[in-house]
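Comments concern the structure below.
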Amino acid sequence: MLLQKIKNFFSYEAAGGVVLAIAALAAMIVANSPLHDWYVSFIHAPVVVQVGDLIIDKDAHHWINDGLMAVFFFLVGLELKREVLIGELSNIKQIILPAAAAIGGMIAPALVYVAFNHNNPEYLAGWAIPAATDIAFAIGILSLLGSRVPNALKIFLVSIAIFDDIGAILIIALFYTSDLSLLSLLIAGLCLPFLYMLNRRNVTAITPYIFFGIIMWIAVLKSGVHATLAGVLLALFIPMVNKDDPEHSPLEDMEHDLHGTVAFAILPLFAFANAGISLQGAGMEQLLHSVPFGIAAGLFIGKQVGIMTMCWLIIKFGLASLPNGTNFKQIYGVSLLCGVGFTMSLFISGLAFGGGTEGFDPRLGIILGSLISGIIGYFLLKTTLKPGVSPESSLDLTKG
C-alpha cells in the first residue's frame with residue numbers, strides 16, 4: 001500500500017516541483033542550523049578526476065552545476081527538439097503568441113533589474129537572473145488546480161517555458177563566458193561531425209553518442225564557454241526516429257528514461273547545493289539591496305508586465321488569438337506563474353556573481369520573487385478557473 005502511494009505520488013504532475021521545493025527548503029534549514037558547517041563542507045568538498053595528464057579538479061558544487069546540470073540541459077535539448085519536430089512548436093500559427101510572450105517575459109524583467117542597478121556597473125552582470133522561468137515549479141503549481149485547467153492554458157504555459165529555455169541557453173552562451181580557449185573550442189567542434197555521422201547512419205545505440213558527448217563536455221568545460229551547453233548540442237543529434245523501426249523514437253525513449261533522474265535527483269540536488277542561504281545577520285537592509293530587490297521585482301513585476309504587454313499587442317494587431325477556452329484573466333495568472341524563476345535563475349546567478357558577493361545575496365531575491373509570483377498566480381487562477389472537469393484537461397505533462 002505504501003509503495004503504491006509513493007508510486008502514485010511520483011507519477012503526479014506536481015511531484016517534481018514538490019520535491020524541488022522540499023530540497024530548497026531543506027537547504028535553507030540546514031544552512032541556518034548547527035549543520036551549517038557540514039553543509040559548507042559538503043558543497044565545497046574537493047572532487048578530482050584524472051585520466052593521464054587530463055585533470056578536472058572541482059569542488060562538489062561545481063561538479064553539480066557544471067556536470068550534473070549538463071544532463072538537465074541535455075534533457076531540455078531533447079524536449080526542444082521533440083517540440084520543434086512534432087510538438088507544439090511545429091506549427092508556426094501556434095507559436096506566435098507564446099514566443100512573443102516569452103520574449104516580453106525576458107526583456108521586461110531584465111529592464112526592471114537594470115533600472116534598480118544602473119548606477120552600479122558591478123551589479124549589472126545579474127541582468128538575466130529574473131529573465132528565467134522554472135518550468136517544473138510553474139507546471140507543478142498549475143497542476144495543483146487539477147482538471148479545471150484547460151488543456152490550451154497548459155500548452156500556452158509550456159510553450160512560453162520552452163521559448164524561455166531557448167532564451168536562457170542563448171543568454172548563457174553569449175553573455176556568460178570567460179576567456180575562451182580556441183584549442184578547446186576546436187576539439188569540441190570536431191565532435192560535431194562525428195555526432196552528425198552517427199545520426200545520418202541511423203545509429204540508435206546510446207554509447208557512441210555519450211562517448212563523443214563526454215569528450216565535447218570536457219572540451220567545452222576547458223574552453224571558457226559554460227559546460228552545460230554541451231548537453232544541448234548533444235541532444236540535437238539524437239535521432240527522433242529509428243529508420244529501421246519507424247514506430248520507435250530513440251529521442252523520446254531517452255527523454256522518458258532521463259526525466260525521473262533529472263526531476264527527482266539532479267534538480268533537487270542542484271537546489272540543495274544552491275539554495276542554502278544563511279539568514280544570519282540578514283535584515284531589511286540586505287533584502288532591500290538593489291540586487292535582490294531588483295531580482296524580486298523583475299520576477300514579480302517584470303514578468304507579468306512583459307508577457308501581458310506582448311500578448312495584448314499580438315492579439316490587438318490580429319497576429320494571433322487567445323488560446324481556446326481561455327481569457328485574459330487566466331493569461332494574467334499564467335504570466336504570474338512565469339515569475340517563478342527558481343532553477344534557471346539560481347543557475348544564472350551563479351554564473352553572474354559566483355561566490356563573490358558582499359552585503360547581499362541574489363538568491364534571496366530569487367526565492368522571494370518566485371514565492372510571491374507562485375502564490376498570487378495560484379490564487380488568481382483558482383478564482384478565475386471554474387471548478388469541474390475541463391473537456392480538454394487530459395494533457396500529460398509528466399515528461400516536463
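In the C-alpha cells, the first chain shown is A, the next is B, and so on; residue numbers restart at 1 for each chain, and ligands run from 1 in the order shown.
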Kindly provide the residues of stretch 66-170 of chain A that approach stretch 349-364 of chain A to within 10 Å, each paired with its closest atom pair and their distance in Å to one decimal, based on only C-alpha atoms, listed by chain and increasing number, as JSON lines.
```
{"residue": "A:Glu122", "atom": "CA", "partner": "A:Phe353", "partner_atom": "CA", "distance": 9.5}
{"residue": "A:Tyr123", "atom": "CA", "partner": "A:Phe353", "partner_atom": "CA", "distance": 8.5}
{"residue": "A:Leu124", "atom": "CA", "partner": "A:Ala352", "partner_atom": "CA", "distance": 8.9}
{"residue": "A:Ala125", "atom": "CA", "partner": "A:Ala352", "partner_atom": "CA", "distance": 5.4}
{"residue": "A:Gly126", "atom": "CA", "partner": "A:Ala352", "partner_atom": "CA", "distance": 5.5}
{"residue": "A:Trp127", "atom": "CA", "partner": "A:Ala352", "partner_atom": "CA", "distance": 8.6}
{"residue": "A:Ala128", "atom": "CA", "partner": "A:Ser349", "partner_atom": "CA", "distance": 8.3}
{"residue": "A:Ile129", "atom": "CA", "partner": "A:Ser349", "partner_atom": "CA", "distance": 5.8}
{"residue": "A:Pro130", "atom": "CA", "partner": "A:Ser349", "partner_atom": "CA", "distance": 9.2}
```
Within stretch 121-331 of chain A, find each residue whose DSSP state, derived from the backbone, is alpha helix (DSSP H), and express the selection as a ChimeraX atom specification.
/A:135-143,151-175,182-200,206-223,229-235,250-261,267-274,284-287,290-297,303-316,328-331
Which residues, written as an MDAnalysis selection string, have at least one atom at most 10 Å from stretch 274-291 of chain A, with only C-alpha atoms counted and residues fewer than 6 positions away on the same chain left out?
chainID A and resid 23:33 36 39:40 43 61 64:65 113:120 123:124 126:127 129 268 297 342:343 346:347 349:350 358:368
What does the distance between atom CA of A:Pro109 and atom CA of A:Leu299 come to in Å, to one decimal place?
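Atom CA of A:Leu299 lies at a distance of 6.1 Å from atom CA of A:Pro109.
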Can you tell me, as a PyMOL selection string, what residues are no more than 8 Å from stretch 245-251 of chain A when counting only C-alpha atoms, ignoring any on the same chain fewer than 5 positions away?
chain A and resi 78+82+204+238-240
Quick one: residues within 10 Å of A:Leu97, only C-alpha atoms counted, chain neighbours fewer than 2 positions away excluded, as a PyMOL selection string?
chain A and resi 92-95+99-102+156+159-160+307+310-315+319-323
Taking C-alpha atoms for each residue, export the selection above as a PDB file, in the first residue's frame.
```pdb
ATOM      1  CA  ILE A  92       4.005  28.398 -36.733  1.00  0.00           C
ATOM      2  CA  LYS A  93       0.481  29.629 -36.016  1.00  0.00           C
ATOM      3  CA  GLN A  94       0.552  28.101 -32.539  1.00  0.00           C
ATOM      4  CA  ILE A  95       3.893  29.560 -31.526  1.00  0.00           C
ATOM      5  CA  ALA A  99       7.001  33.146 -28.453  1.00  0.00           C
ATOM      6  CA  ALA A 100       6.129  36.842 -28.216  1.00  0.00           C
ATOM      7  CA  ALA A 101       5.061  36.393 -24.588  1.00  0.00           C
ATOM      8  CA  ALA A 102       8.369  34.701 -23.753  1.00  0.00           C
ATOM      9  CA  PHE A 156       0.417  28.033 -23.507  1.00  0.00           C
ATOM     10  CA  SER A 159       5.266  26.823 -24.812  1.00  0.00           C
ATOM     11  CA  ILE A 160       6.337  30.015 -23.012  1.00  0.00           C
ATOM     12  CA  ILE A 307       4.115  38.866 -21.009  1.00  0.00           C
ATOM     13  CA  MET A 310       3.259  41.356 -25.697  1.00  0.00           C
ATOM     14  CA  CYS A 311       0.081  39.248 -25.591  1.00  0.00           C
ATOM     15  CA  TRP A 312      -2.076  42.361 -25.832  1.00  0.00           C
ATOM     16  CA  LEU A 313      -0.064  43.741 -28.752  1.00  0.00           C
ATOM     17  CA  ILE A 314      -0.032  40.461 -30.687  1.00  0.00           C
ATOM     18  CA  ILE A 315      -3.784  39.977 -30.263  1.00  0.00           C
ATOM     19  CA  LEU A 319      -1.326  38.221 -35.375  1.00  0.00           C
ATOM     20  CA  ALA A 320      -2.747  35.587 -33.015  1.00  0.00           C
ATOM     21  CA  SER A 321      -5.719  34.921 -30.779  1.00  0.00           C
ATOM     22  CA  LEU A 322      -6.167  33.771 -27.210  1.00  0.00           C
ATOM     23  CA  PRO A 323      -5.818  30.010 -26.651  1.00  0.00           C
TER      24      PRO A 323
END
```
Nearby residues (only C-alpha atoms) at most 9 Å from A:Gly306, same-chain spacing under 2 positions excluded, as a list in words:
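Counting only C-alpha atoms, the residues come to Ala101, Ala102, Ile103, Gly104, Gly105, Met106, Ile107, Ala108, Pro109, Ile301, Gly302, Lys303, Gln304, Met308, Thr309, Met310, Cys311 and Ser335 of chain A.
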